[in-house]
file start-v3.txt (compact mmCIF, C-alpha atoms and all ligand atoms)
# COMPACT_ATOMS: atom_id res chain seq x y z
CA MET T 572 -35.98 54.68 54.54
CA ILE T 573 -36.34 55.64 50.89
CA SER T 574 -33.99 53.82 48.53
CA GLN T 575 -33.53 53.31 44.83
CA SER T 576 -32.07 50.37 42.97
CA ALA T 577 -29.40 50.92 40.32
CA PRO T 578 -29.84 49.58 36.78
CA ILE T 579 -27.90 46.44 36.00
CA VAL T 580 -25.40 46.69 33.20
CA PRO T 581 -26.38 44.36 30.32
CA VAL T 582 -24.13 41.29 30.22
CA LEU T 583 -23.33 39.18 27.19
CA SER T 584 -21.91 36.00 28.66
CA GLY T 585 -20.68 32.63 27.54
CA MET T 586 -17.76 30.89 25.89
CA ASN T 587 -16.35 32.87 22.96
CA SER T 588 -18.75 35.74 23.62
CA HIS T 589 -15.77 38.07 23.07
CA LEU T 590 -16.06 37.17 19.39
CA ARG T 591 -19.41 38.96 19.27
CA VAL T 592 -17.89 42.28 20.29
CA GLY T 593 -17.85 43.65 16.74
CA ILE T 594 -21.56 42.98 16.24
CA LYS T 595 -22.38 44.47 19.62
CA ALA T 596 -20.23 47.55 19.00
CA LYS T 597 -22.09 48.11 15.73
CA GLU T 598 -25.42 47.78 17.54
CA LEU T 599 -24.26 50.51 19.90
CA GLY T 600 -23.52 52.78 16.92
CA MET T 601 -19.74 52.56 17.12
CA THR T 602 -17.80 53.15 13.89
CA LYS T 603 -14.35 53.99 15.29
CA VAL T 604 -13.30 52.87 18.74
CA LEU T 605 -10.48 53.37 21.21
CA VAL T 606 -9.45 49.98 22.59
CA VAL T 607 -8.01 50.44 26.10
CA TYR T 608 -5.87 47.69 27.66
CA ASP T 609 -2.60 46.97 29.45
CA ALA T 610 0.60 45.10 28.64
CA GLY T 611 -0.49 42.02 30.60
CA VAL T 612 -3.59 41.29 28.55
CA LEU T 613 -1.76 42.12 25.32
CA ASN T 614 0.96 39.59 26.17
CA ALA T 615 -1.70 37.05 27.14
CA GLY T 616 -2.97 37.19 23.56
CA ILE T 617 -6.39 38.45 24.60
CA VAL T 618 -6.38 41.80 22.78
CA ASP T 619 -5.61 40.81 19.18
CA PRO T 620 -8.66 38.55 18.63
CA VAL T 621 -10.94 41.35 19.86
CA ILE T 622 -9.32 43.90 17.54
CA GLU T 623 -9.58 41.48 14.60
CA ASN T 624 -13.24 40.93 15.42
CA LEU T 625 -13.92 44.66 15.52
CA LYS T 626 -12.15 45.18 12.19
CA ALA T 627 -14.11 42.28 10.67
CA SER T 628 -17.23 44.25 11.58
CA ARG T 629 -15.73 47.23 9.72
CA ILE T 630 -15.08 49.22 12.84
CA ASP T 631 -11.94 51.35 12.81
CA VAL T 632 -9.64 50.75 15.76
CA VAL T 633 -7.28 53.04 17.67
CA THR T 634 -5.33 51.46 20.54
CA PHE T 635 -4.28 52.74 23.95
CA GLY T 636 -2.35 49.98 25.68
CA LYS T 637 -0.43 51.93 28.31
CA VAL T 638 -2.65 51.41 31.32
CA THR T 639 -0.83 50.58 34.56
CA PRO T 640 -2.23 49.44 37.93
CA ASP T 641 -3.96 52.26 39.83
CA PRO T 642 -3.87 54.43 36.68
CA PRO T 643 -2.50 57.93 37.27
CA ASP T 644 -4.33 61.07 36.11
CA TYR T 645 -1.78 61.89 33.38
CA GLN T 646 -2.39 58.50 31.78
CA VAL T 647 -6.11 59.27 31.56
CA ASP T 648 -5.31 62.69 30.09
CA GLU T 649 -3.17 61.04 27.42
CA GLY T 650 -5.90 58.54 26.59
CA GLY T 651 -8.51 61.32 26.48
CA LYS T 652 -6.38 63.36 24.07
CA LEU T 653 -5.97 60.34 21.80
CA ALA T 654 -9.72 59.65 21.85
CA ASN T 655 -10.47 63.26 20.92
CA ASP T 656 -7.71 63.60 18.29
CA GLU T 657 -8.93 60.42 16.60
CA LYS T 658 -12.60 61.39 17.01
CA VAL T 659 -13.60 57.93 18.21
CA ASP T 660 -17.27 57.26 18.90
CA GLY T 661 -16.89 54.36 21.29
CA LEU T 662 -14.59 52.83 23.91
CA ILE T 663 -13.70 49.15 24.40
CA ALA T 664 -11.89 48.25 27.63
CA ILE T 665 -10.10 44.89 27.93
CA GLY T 666 -8.56 44.07 31.29
CA GLY T 667 -8.95 44.18 35.05
CA GLY T 668 -10.33 46.94 37.23
CA SER T 669 -7.55 49.43 36.45
CA VAL T 670 -8.19 49.25 32.70
CA LEU T 671 -11.96 49.41 33.09
CA ASP T 672 -11.61 52.39 35.42
CA CYS T 673 -9.18 54.16 33.07
CA ALA T 674 -11.62 53.86 30.16
CA LYS T 675 -14.41 55.38 32.27
CA ALA T 676 -12.18 58.34 33.06
CA ILE T 677 -11.19 58.72 29.39
CA ASN T 678 -14.91 58.86 28.63
CA TYR T 679 -15.18 61.94 30.89
CA LEU T 680 -12.62 63.73 28.72
CA THR T 681 -14.45 63.05 25.46
CA ALA T 682 -17.12 65.53 26.58
CA ASN T 683 -15.38 67.54 29.30
CA PRO T 684 -12.13 69.50 29.33
CA SER T 685 -8.89 67.91 30.45
CA PRO T 686 -7.23 67.32 32.95
CA ILE T 687 -9.19 64.57 34.66
CA ASN T 688 -8.13 65.68 38.12
CA GLN T 689 -10.63 68.55 38.01
CA TRP T 690 -13.41 65.93 37.77
CA PHE T 691 -12.77 63.94 40.91
CA PHE T 692 -15.86 63.40 43.07
CA PRO T 693 -18.00 65.42 43.83
CA ALA T 694 -17.53 67.22 40.45
CA ILE T 695 -20.33 66.42 38.01
CA PRO T 696 -19.38 65.89 34.34
CA GLN T 697 -21.46 67.49 31.62
CA GLY T 698 -22.46 66.43 28.11
CA LYS T 699 -23.01 63.06 26.51
CA PRO T 700 -20.75 60.08 27.17
CA LEU T 701 -19.57 57.68 24.47
CA PRO T 702 -20.92 54.12 24.54
CA MET T 703 -18.49 51.73 26.21
CA ILE T 704 -18.03 47.97 26.20
CA ALA T 705 -16.17 46.22 29.02
CA ILE T 706 -14.39 42.92 28.49
CA PRO T 707 -13.21 42.04 32.01
CA THR T 708 -10.27 39.69 32.43
CA THR T 709 -10.43 39.47 36.21
CA ALA T 710 -13.57 38.70 38.24
CA GLY T 711 -13.34 40.87 41.31
CA THR T 712 -13.53 44.65 41.32
CA GLY T 713 -16.89 44.73 39.59
CA SER T 714 -15.86 47.89 37.75
CA GLU T 715 -17.89 46.67 34.78
CA GLY T 716 -21.03 46.94 36.94
CA SER T 717 -20.24 50.00 39.05
CA PHE T 718 -20.65 53.67 38.23
CA ALA T 719 -17.36 54.76 39.76
CA ALA T 720 -13.66 54.56 38.99
CA VAL T 721 -10.52 55.11 40.99
CA ILE T 722 -7.73 57.24 39.53
CA THR T 723 -4.47 58.17 41.24
CA ASP T 724 -3.87 61.88 41.77
CA SER T 725 -0.22 62.03 40.72
CA ALA T 726 0.42 65.26 42.67
CA THR T 727 -0.38 63.60 46.00
CA GLY T 728 -0.28 59.88 45.24
CA ILE T 729 -3.78 59.60 46.70
CA LYS T 730 -6.37 57.45 44.94
CA LYS T 731 -9.46 59.48 44.14
CA ALA T 732 -12.86 58.57 42.75
CA ILE T 733 -14.82 59.73 39.78
CA LEU T 734 -18.48 58.91 40.13
CA ASP T 735 -21.23 59.30 37.57
CA GLY T 736 -24.15 57.14 36.47
CA ASN T 737 -23.63 58.04 32.79
CA PHE T 738 -19.93 58.52 32.06
CA CYS T 739 -18.91 55.58 34.29
CA ARG T 740 -21.60 53.19 33.12
CA TYR T 741 -20.70 50.49 30.61
CA SER T 742 -23.25 50.04 27.84
CA LEU T 743 -22.42 46.33 27.76
CA THR T 744 -20.20 43.86 29.58
CA VAL T 745 -18.89 40.93 27.57
CA SER T 746 -18.20 38.21 30.12
CA ASP T 747 -16.35 35.35 28.49
CA PRO T 748 -14.86 32.64 30.74
CA LEU T 749 -11.99 32.27 28.29
CA MET T 750 -10.88 35.77 29.29
CA TYR T 751 -10.41 34.72 32.93
CA ALA T 752 -8.91 31.28 32.38
CA GLY T 753 -5.30 32.47 32.35
CA LEU T 754 -5.52 34.01 35.82
CA PRO T 755 -3.66 31.79 38.34
CA ALA T 756 -5.41 30.37 41.40
CA LYS T 757 -4.11 32.85 43.99
CA PRO T 758 -5.04 36.09 42.21
CA SER T 759 -8.34 34.47 41.20
CA ALA T 760 -9.02 33.82 44.88
CA TYR T 761 -8.05 37.37 45.90
CA CYS T 762 -10.43 38.76 43.26
CA ALA T 763 -13.26 36.52 44.48
CA PHE T 764 -12.67 37.65 48.05
CA ASP T 765 -13.13 41.22 46.84
CA VAL T 766 -16.54 40.05 45.56
CA LEU T 767 -17.28 38.50 48.95
CA THR T 768 -16.47 41.70 50.83
CA HIS T 769 -18.45 43.91 48.44
CA SER T 770 -21.41 41.60 48.98
CA ILE T 771 -21.16 41.12 52.73
CA ASP T 772 -20.32 44.77 53.41
CA SER T 773 -23.44 45.79 51.49
CA LEU T 774 -25.58 43.89 54.01
CA PHE T 775 -24.07 46.00 56.79
CA SER T 776 -24.22 49.36 55.03
CA ALA T 777 -26.02 52.53 56.09
CA TYR T 778 -27.80 52.35 52.75
CA ASP T 779 -30.38 49.71 52.30
CA GLU T 780 -32.17 48.59 49.20
CA PRO T 781 -34.13 45.37 48.62
CA TYR T 782 -32.61 44.40 45.26
CA SER T 783 -29.16 44.65 46.74
CA HIS T 784 -29.97 41.99 49.34
CA MET T 785 -30.82 39.58 46.54
CA PHE T 786 -27.63 40.37 44.65
CA ALA T 787 -25.49 40.16 47.77
CA GLU T 788 -26.83 36.77 48.82
CA THR T 789 -26.54 35.39 45.28
CA ALA T 790 -22.97 36.63 44.91
CA VAL T 791 -21.86 35.15 48.24
CA ARG T 792 -23.46 31.79 47.50
CA LYS T 793 -21.81 31.66 44.07
CA VAL T 794 -18.36 32.47 45.45
CA VAL T 795 -18.72 29.82 48.15
CA LYS T 796 -19.83 27.23 45.61
CA TYR T 797 -17.60 28.01 42.64
CA LEU T 798 -14.34 29.51 43.94
CA PRO T 799 -13.00 26.15 45.17
CA ARG T 800 -13.61 24.78 41.68
CA VAL T 801 -11.73 27.68 40.06
CA ILE T 802 -8.83 27.16 42.47
CA ALA T 803 -8.76 23.44 41.71
CA ASN T 804 -9.00 23.89 37.94
CA GLY T 805 -8.49 27.25 36.25
CA ASN T 806 -10.06 25.85 33.09
CA ASP T 807 -13.36 25.08 34.80
CA TYR T 808 -15.23 27.49 32.56
CA GLU T 809 -18.60 27.03 34.20
CA ALA T 810 -17.14 27.99 37.57
CA ARG T 811 -15.23 30.93 35.99
CA GLN T 812 -18.48 32.20 34.45
CA GLU T 813 -20.36 31.98 37.73
CA ILE T 814 -17.65 33.85 39.63
CA ALA T 815 -17.59 36.49 36.88
CA PHE T 816 -21.35 36.95 37.21
CA SER T 817 -21.01 37.32 40.98
CA ALA T 818 -18.33 40.00 40.47
CA THR T 819 -20.57 41.99 38.15
CA ILE T 820 -23.63 41.95 40.40
CA ALA T 821 -21.44 42.75 43.40
CA GLY T 822 -20.17 45.70 41.34
CA ASN T 823 -23.77 46.85 41.09
CA LEU T 824 -23.94 46.74 44.90
CA LEU T 825 -21.30 49.46 44.95
CA ASN T 826 -23.81 51.77 43.23
CA THR T 827 -26.44 51.39 45.94
CA ASN T 828 -24.79 50.34 49.19
CA MET T 829 -21.09 50.83 48.47
CA ALA T 830 -18.47 48.77 50.28
CA GLY T 831 -18.03 49.15 54.02
CA ASN T 832 -15.68 48.55 56.87
CA THR T 833 -13.63 45.80 55.20
CA HIS T 834 -12.69 48.44 52.65
CA CYS T 835 -12.12 51.22 55.21
CA MET T 836 -9.54 48.90 56.75
CA GLY T 837 -8.32 47.08 53.65
CA HIS T 838 -7.69 50.21 51.57
CA ASN T 839 -5.27 51.50 54.17
CA ILE T 840 -3.63 48.21 55.12
CA GLY T 841 -3.17 47.49 51.41
CA ALA T 842 -1.73 50.94 50.68
CA VAL T 843 0.83 50.80 53.49
CA PHE T 844 1.95 47.20 52.90
CA HIS T 845 1.37 47.02 49.12
CA LEU T 846 -0.97 44.04 49.39
CA PRO T 847 -3.33 42.95 46.60
CA HIS T 848 -6.69 44.67 47.09
CA GLY T 849 -8.65 41.41 47.40
CA LEU T 850 -6.36 40.12 50.13
CA ALA T 851 -6.24 43.43 52.01
CA VAL T 852 -10.04 43.75 52.21
CA ALA T 853 -10.47 40.05 53.03
CA LEU T 854 -8.19 40.20 56.09
CA PRO T 855 -10.58 42.09 58.43
CA LEU T 856 -13.85 40.38 57.43
CA VAL T 857 -13.89 37.53 59.98
CA SER T 858 -13.06 39.80 62.92
CA LEU T 859 -15.50 42.49 61.78
CA MET T 860 -18.21 39.83 61.55
CA LYS T 861 -17.54 38.55 65.05
CA LEU T 862 -17.03 41.87 66.81
CA PHE T 863 -19.33 44.30 64.98
CA TYR T 864 -21.41 43.13 62.02
CA SER T 865 -23.20 40.37 63.93
CA LYS T 866 -24.07 42.82 66.71
CA TRP T 867 -25.31 45.49 64.32
CA ARG T 868 -27.53 43.17 62.32
CA PRO T 869 -27.70 39.62 63.72
CA GLU T 870 -30.29 38.40 61.19
CA ARG T 871 -28.04 39.38 58.30
CA ALA T 872 -25.03 37.80 59.98
CA LYS T 873 -27.15 34.65 60.15
CA LEU T 874 -27.96 34.92 56.46
CA VAL T 875 -24.25 35.18 55.66
CA GLY T 876 -23.54 32.18 57.88
CA GLU T 877 -26.17 30.15 56.05
CA CYS T 878 -24.50 31.02 52.73
CA PHE T 879 -21.33 29.44 54.15
CA GLY T 880 -23.25 26.31 55.21
CA VAL T 881 -23.97 27.10 58.88
CA HIS T 882 -27.20 25.57 60.25
CA PHE T 883 -28.70 27.72 62.99
CA SER T 884 -31.11 26.24 65.53
CA GLY T 885 -32.76 29.60 66.14
CA THR T 886 -31.76 29.72 69.79
CA GLU T 887 -28.30 31.24 69.28
CA THR T 888 -27.31 34.44 71.02
CA VAL T 889 -25.97 37.35 68.98
CA GLU T 890 -22.46 36.43 70.09
CA GLU T 891 -22.95 32.83 69.00
CA ILE T 892 -24.25 33.94 65.60
CA GLY T 893 -21.13 36.07 65.16
CA GLU T 894 -18.85 33.20 66.20
CA LEU T 895 -20.53 30.60 63.99
CA THR T 896 -20.62 32.85 60.92
CA GLY T 897 -17.12 34.18 61.46
CA ASN T 898 -15.72 30.67 61.94
CA ALA T 899 -17.41 29.44 58.77
CA ILE T 900 -15.93 32.31 56.76
CA PHE T 901 -12.52 31.67 58.28
CA LYS T 902 -12.69 27.97 57.36
CA PHE T 903 -13.47 29.01 53.79
CA TYR T 904 -10.41 31.30 53.83
CA LYS T 905 -8.21 28.43 54.94
CA ASP T 906 -9.71 26.06 52.38
CA CYS T 907 -8.97 28.64 49.66
CA GLY T 908 -5.39 29.17 50.83
CA ILE T 909 -5.84 32.82 51.84
CA GLU T 910 -3.15 34.08 54.20
CA THR T 911 -4.06 34.96 57.78
CA PHE T 912 -3.13 38.34 59.18
CA SER T 913 -0.52 36.86 61.52
CA GLU T 914 1.16 34.96 58.68
CA LEU T 915 1.88 38.26 56.90
CA GLU T 916 4.00 39.50 59.87
CA LEU T 917 3.24 43.16 59.19
CA ASN T 918 5.34 45.84 60.83
CA GLU T 919 3.53 47.32 63.87
CA GLU T 920 4.73 50.87 63.28
CA ASP T 921 3.42 50.90 59.73
CA LEU T 922 0.22 49.25 60.90
CA GLU T 923 -0.40 52.23 63.19
CA LYS T 924 -0.11 54.51 60.15
CA ALA T 925 -2.77 52.45 58.37
CA ILE T 926 -5.09 52.54 61.39
CA ASP T 927 -4.76 56.34 61.57
CA LYS T 928 -6.44 56.65 58.18
CA MET T 929 -9.28 54.13 58.58
CA THR T 930 -11.81 56.52 60.10
CA ASP T 931 -11.35 58.92 57.16
CA ASP T 932 -11.52 56.34 54.40
CA ILE T 933 -13.62 57.12 51.33
CA GLN T 934 -16.05 54.32 52.30
CA THR T 935 -16.69 55.66 55.80
CA PRO T 936 -19.88 57.67 55.04
CA THR T 937 -21.80 54.54 54.01
CA THR T 938 -20.86 52.32 56.95
CA TYR T 939 -23.78 51.29 59.15
CA ILE T 940 -22.27 52.73 62.31
CA LEU T 941 -19.22 54.98 62.38
CA MET T 942 -16.40 53.01 63.93
CA SER T 943 -13.84 54.85 66.05
CA ARG T 944 -10.08 54.41 65.94
CA SER T 945 -10.25 52.24 69.06
CA ASP T 946 -12.94 50.09 67.38
CA TYR T 947 -10.55 49.50 64.48
CA VAL T 948 -7.73 48.72 66.91
CA SER T 949 -9.92 46.06 68.54
CA VAL T 950 -10.53 44.49 65.12
CA ILE T 951 -6.80 44.47 64.37
CA GLU T 952 -6.05 42.86 67.74
CA HIS T 953 -8.65 40.19 67.00
CA MET T 954 -7.22 39.63 63.51
CA LYS T 955 -3.86 38.84 65.11
CA THR T 956 -5.43 35.93 67.01
CA LEU T 957 -6.80 34.17 63.93
CA ARG T 958 -4.71 31.16 63.00
FE FE F 1001 -13.12 46.14 46.54

call {"tool": "encode", "arguments": {"input": "start-v3.txt", "output": "structure tokens"}}
result
Amino acid sequence: MISQSAPIVPVLSGMNSHLRVGIKAKELGMTKVLVVYDAGVLNAGIVDPVIENLKASRIDVVTFGKVTPDPPDYQVDEGGKLANDEKVDGLIAIGGGSVLDCAKAINYLTANPSPINQWFFPAIPQGKPLPMIAIPTTAGTGSEGSFAAVITDSATGIKKAILDGNFCRYSLTVSDPLMYAGLPAKPSAYCAFDVLTHSIDSLFSAYDEPYSHMFAETAVRKVVKYLPRVIANGNDYEARQEIAFSATIAGNLLNTNMAGNTHCMGHNIGAVFHLPHGLAVALPLVSLMKLFYSKWRPERAKLVGECFGVHFSGTETVEEIGELTGNAIFKFYKDCGIETFSELELNEEDLEKAIDKMTDDIQTPTTYILMSRSDYVSVIEHMKTLR
């Protein structure tokens, strides 16, 4: 198989690294920037110090603070119009995945005509993108490291992707543990479980690429080691930084291997029941590991198990590898306080609606083996037994 690695986004990391944003923006040639954020980060007091820092570096600032979760197309259009009217030459995104995605889409409209909904994948944008700096405030989606963004098509309510290695690529990620410290334990855990699924799914993807194995294993090991510390103490900055790094390299995995069956299932369970993304994609992982992943690629299931502390004798059957690895992941879930599927008591009728859409999910083309509806039903039935 021929494969190609994806370039890693440069990362400026460390305590107070957000106070270097002005210098870095200047280095990237920015003189007037659009700062994109949402109300949450503004209220958390994260935005103002960045703006002050940019102004101290004599960079003019225009603000767009209207981003909402799962940003709709019209919001991107509004941001794009502002960027063009103000003739900005750079974009700074401060926030979680929705903000980072919104800024990528705004970048499309600085060189391509509005509205954004004519540029959903597989459309290819033209022209030259503006340089962009990401300042993530959650460590999960990996949007700062991926070359895609998800925007909601307001006409249908369906989330759609834009995908481009130039317009969606951040020139720099500023990863400052202070930016993550205000995130409570539960959402921090959900975000880290998104990292886990991006990483583990990539090992069971139809696409295969040697660098990605390294990133996936590193990201899983870091989440296993550092997430319990973040949950115990949100101000454990070393642990926050390590989880943030794992999120960014797992974001890079989305460029080469993409996510897999956890996301085919989680996208649709999450959409129907309005669950946080990290929780929705985490729910199927243990059952997928036991029933499918370990059978598709037992050696990689073993590698995952080892990341969770399993010691294999080398004589295990494929089924035993799946059980041992799946049980170790499930113990980690319990230790981190993640809900089990049965605890959520989801309505069966609505669950059927979610299952109907799993085989057509946007992630389906990159899964190692195409799973049928009945395969997904078997995973759901197994998920119900986990307690
Ligand atoms: Fe995800």

call {"tool": "residues_around", "arguments": {"input": "start-v3.txt", "residues": "segment 915-923 of chain T", "least_positions_apart": "6", "cutoff": "9 Å", "atoms": "all atoms listed in the file", "output": "PyMOL selection string"}}
result
chain T and resi 839-840+843-844+948

call {"tool": "residues_near_ligand", "arguments": {"input": "start-v3.txt", "ligand": "ligand FE 1001 (chain F)", "cutoff": "7 Å", "atoms": "all atoms listed in the file", "output": "ChimeraX atom specification"}}
result
/T:712,765,769,834,848-849,852

call {"tool": "closest_residue", "arguments": {"input": "start-v3.txt", "among": "T:Gly585, T:Gly831, T:Gly805, T:Pro799", "to": "Tyr904 of chain T", "atoms": "all atoms listed in the file"}}
result
T:Pro799

call {"tool": "atom_distance", "arguments": {"input": "start-v3.txt", "atom1": "atom CA of Lys658 of chain T", "atom2": "atom CA of Gly822 of chain T"}}
result
29.9 Å

call {"tool": "residues_around", "arguments": {"input": "start-v3.txt", "residues": "Arg958 of chain T", "least_positions_apart": "2", "cutoff": "9 Å", "atoms": "only C-alpha atoms", "output": "list of chain:residue names"}}
result
T:Thr911, T:Phe912, T:Ser913, T:Glu914, T:Met954, T:Lys955, T:Thr956

call {"tool": "residues_around", "arguments": {"input": "start-v3.txt", "residues": "Trp690 of chain T", "least_positions_apart": "2", "cutoff": "10 Å", "atoms": "all atoms listed in the file", "output": "number ranges by chain"}}
result
T: 676, 679-680, 683-688, 692-696, 731-734

call {"tool": "closest_residue", "arguments": {"input": "start-v3.txt", "among": "T:Ile663, T:Tyr778, T:Tyr608, T:His589", "to": "Ile573 of chain T", "atoms": "only C-alpha atoms"}}
result
T:Tyr778

call {"tool": "closest_residue", "arguments": {"input": "start-v3.txt", "among": "T:Gly753, T:Pro936, T:Pro847, T:Gly666", "to": "Ser776 of chain T", "atoms": "only C-alpha atoms"}}
result
T:Pro936

call {"tool": "closest_residue", "arguments": {"input": "start-v3.txt", "among": "T:Cys835, T:Leu874, T:Gly616, T:Pro869", "to": "Tyr947 of chain T", "atoms": "only C-alpha atoms"}}
result
T:Cys835

call {"tool": "closest_atom_pairs", "arguments": {"input": "start-v3.txt", "of": "segment 670-717 of chain T", "to": "segment 743-751 of chain T", "cutoff": "8 Å", "atoms": "all atoms listed in the file", "output": "JSON lines"}}
result
{"residue": "T:Met703", "atom": "CA", "partner": "T:Leu743", "partner_atom": "CA", "distance": 6.9}
{"residue": "T:Ile704", "atom": "CA", "partner": "T:Leu743", "partner_atom": "CA", "distance": 4.9}
{"residue": "T:Ala705", "atom": "CA", "partner": "T:Thr744", "partner_atom": "CA", "distance": 4.7}
{"residue": "T:Ile706", "atom": "CA", "partner": "T:Val745", "partner_atom": "CA", "distance": 5.0}
{"residue": "T:Pro707", "atom": "CA", "partner": "T:Ser746", "partner_atom": "CA", "distance": 6.6}
{"residue": "T:Thr708", "atom": "CA", "partner": "T:Tyr751", "partner_atom": "CA", "distance": 5.0}
{"residue": "T:Thr709", "atom": "CA", "partner": "T:Tyr751", "partner_atom": "CA", "distance": 5.8}
{"residue": "T:Ala710", "atom": "CA", "partner": "T:Tyr751", "partner_atom": "CA", "distance": 7.3}
{"residue": "T:Glu715", "atom": "CA", "partner": "T:Thr744", "partner_atom": "CA", "distance": 6.3}

call {"tool": "closest_residue", "arguments": {"input": "start-v3.txt", "among": "T:Ala720, T:Ile630, T:Leu671, T:Ile677", "to": "Asn826 of chain T", "atoms": "all atoms listed in the file"}}
result
T:Ala720

call {"tool": "residues_around", "arguments": {"input": "start-v3.txt", "residues": "Ala842 of chain T", "least_positions_apart": "5", "cutoff": "9 Å", "atoms": "only C-alpha atoms", "output": "list in words"}}
result
Gly837, His848, Ala851 and Ala925 of chain T

call {"tool": "atom_distance", "arguments": {"input": "start-v3.txt", "atom1": "atom CA of Met860 of chain T", "atom2": "atom CA of Lys924 of chain T"}}
result
23.3 Å

call {"tool": "closest_residue", "arguments": {"input": "start-v3.txt", "among": "T:Asp946, T:Asp644, T:Asp724, T:Asp660", "to": "Met836 of chain T", "atoms": "all atoms listed in the file"}}
result
T:Asp946

call {"tool": "residues_near_point", "arguments": {"input": "start-v3.txt", "point": "(-20.6, 33.2, 31.3)", "cutoff": "9 Å", "atoms": "only C-alpha atoms", "output": "VMD selection string"}}
result
chain T and resid 582 to 586 588 745 to 748 808 to 816

call {"tool": "write_last_selection", "arguments": {"input": "start-v3.txt", "atoms": "C-alpha atoms", "output": "tab-separated table (two decimals), in the frame of the given file"}}
result
chain	number	residue	atom	x	y	z
T	582	VAL	CA	-24.13	41.29	30.22
T	583	LEU	CA	-23.33	39.18	27.19
T	584	SER	CA	-21.91	36.00	28.66
T	585	GLY	CA	-20.68	32.63	27.54
T	586	MET	CA	-17.76	30.89	25.89
T	588	SER	CA	-18.75	35.74	23.62
T	745	VAL	CA	-18.89	40.93	27.57
T	746	SER	CA	-18.20	38.21	30.12
T	747	ASP	CA	-16.35	35.35	28.49
T	748	PRO	CA	-14.86	32.64	30.74
T	808	TYR	CA	-15.23	27.49	32.56
T	809	GLU	CA	-18.60	27.03	34.20
T	810	ALA	CA	-17.14	27.99	37.57
T	811	ARG	CA	-15.23	30.93	35.99
T	812	GLN	CA	-18.48	32.20	34.45
T	813	GLU	CA	-20.36	31.98	37.73
T	814	ILE	CA	-17.65	33.85	39.63
T	815	ALA	CA	-17.59	36.49	36.88
T	816	PHE	CA	-21.35	36.95	37.21

call {"tool": "closest_atom_pairs", "arguments": {"input": "start-v3.txt", "of": "segment 820-857 of chain T", "to": "segment 888-903 of chain T", "cutoff": "12 Å", "atoms": "all atoms listed in the file", "output": "tab-separated table"}}
result
residue	atom	partner	partner_atom	distance
T:Ala853	CA	T:Phe901	CA	10.1
T:Leu854	CA	T:Phe901	CA	9.8
T:Pro855	CA	T:Phe901	CA	10.6
T:Leu856	CA	T:Gly897	CA	8.1
T:Val857	CA	T:Gly897	CA	4.9

call {"tool": "atom_distance", "arguments": {"input": "start-v3.txt", "atom1": "atom CA of Thr935 of chain T", "atom2": "atom CA of Glu788 of chain T"}}
result
22.5 Å

call {"tool": "residues_around", "arguments": {"input": "start-v3.txt", "residues": "Glu623 of chain T", "least_positions_apart": "5", "cutoff": "9 Å", "atoms": "all atoms listed in the file", "output": "count of residues only"}}
result
3

call {"tool": "decode", "arguments": {"input": "start-v3.txt", "residues": "segment 912-922 of chain T", "atoms": "N, CA and C atoms", "output": "PDB file, in the first residue's frame"}}
result
ATOM      1  N   PHE T 912     -23.091   2.787  28.683  1.00  0.00           N
ATOM      2  CA  PHE T 912     -24.233   2.927  27.783  1.00  0.00           C
ATOM      3  C   PHE T 912     -25.540   2.669  28.529  1.00  0.00           C
ATOM      4  N   SER T 913     -25.537   1.640  29.369  1.00  0.00           N
ATOM      5  CA  SER T 913     -26.790   1.290  30.064  1.00  0.00           C
ATOM      6  C   SER T 913     -27.193   2.388  31.054  1.00  0.00           C
ATOM      7  N   GLU T 914     -26.230   3.058  31.639  1.00  0.00           N
ATOM      8  CA  GLU T 914     -26.552   4.119  32.602  1.00  0.00           C
ATOM      9  C   GLU T 914     -27.288   5.292  31.936  1.00  0.00           C
ATOM     10  N   LEU T 915     -27.086   5.464  30.643  1.00  0.00           N
ATOM     11  CA  LEU T 915     -27.713   6.599  29.949  1.00  0.00           C
ATOM     12  C   LEU T 915     -29.194   6.366  29.668  1.00  0.00           C
ATOM     13  N   GLU T 916     -29.626   5.086  29.703  1.00  0.00           N
ATOM     14  CA  GLU T 916     -31.044   4.708  29.511  1.00  0.00           C
ATOM     15  C   GLU T 916     -31.635   5.385  28.275  1.00  0.00           C
ATOM     16  N   LEU T 917     -31.021   5.131  27.123  1.00  0.00           N
ATOM     17  CA  LEU T 917     -31.456   5.768  25.885  1.00  0.00           C
ATOM     18  C   LEU T 917     -32.689   5.072  25.320  1.00  0.00           C
ATOM     19  N   ASN T 918     -33.553   5.874  24.749  1.00  0.00           N
ATOM     20  CA  ASN T 918     -34.807   5.376  24.187  1.00  0.00           C
ATOM     21  C   ASN T 918     -34.548   4.470  22.974  1.00  0.00           C
ATOM     22  N   GLU T 919     -35.124   3.263  23.012  1.00  0.00           N
ATOM     23  CA  GLU T 919     -34.853   2.243  21.971  1.00  0.00           C
ATOM     24  C   GLU T 919     -35.282   2.703  20.578  1.00  0.00           C
ATOM     25  N   GLU T 920     -36.421   3.375  20.526  1.00  0.00           N
ATOM     26  CA  GLU T 920     -36.938   3.814  19.219  1.00  0.00           C
ATOM     27  C   GLU T 920     -35.978   4.800  18.557  1.00  0.00           C
ATOM     28  N   ASP T 921     -35.496   5.735  19.361  1.00  0.00           N
ATOM     29  CA  ASP T 921     -34.546   6.724  18.830  1.00  0.00           C
ATOM     30  C   ASP T 921     -33.209   6.073  18.508  1.00  0.00           C
ATOM     31  N   LEU T 922     -32.865   5.056  19.280  1.00  0.00           N
ATOM     32  CA  LEU T 922     -31.615   4.334  19.028  1.00  0.00           C
ATOM     33  C   LEU T 922     -31.645   3.685  17.644  1.00  0.00           C
TER      34      LEU T 922
END
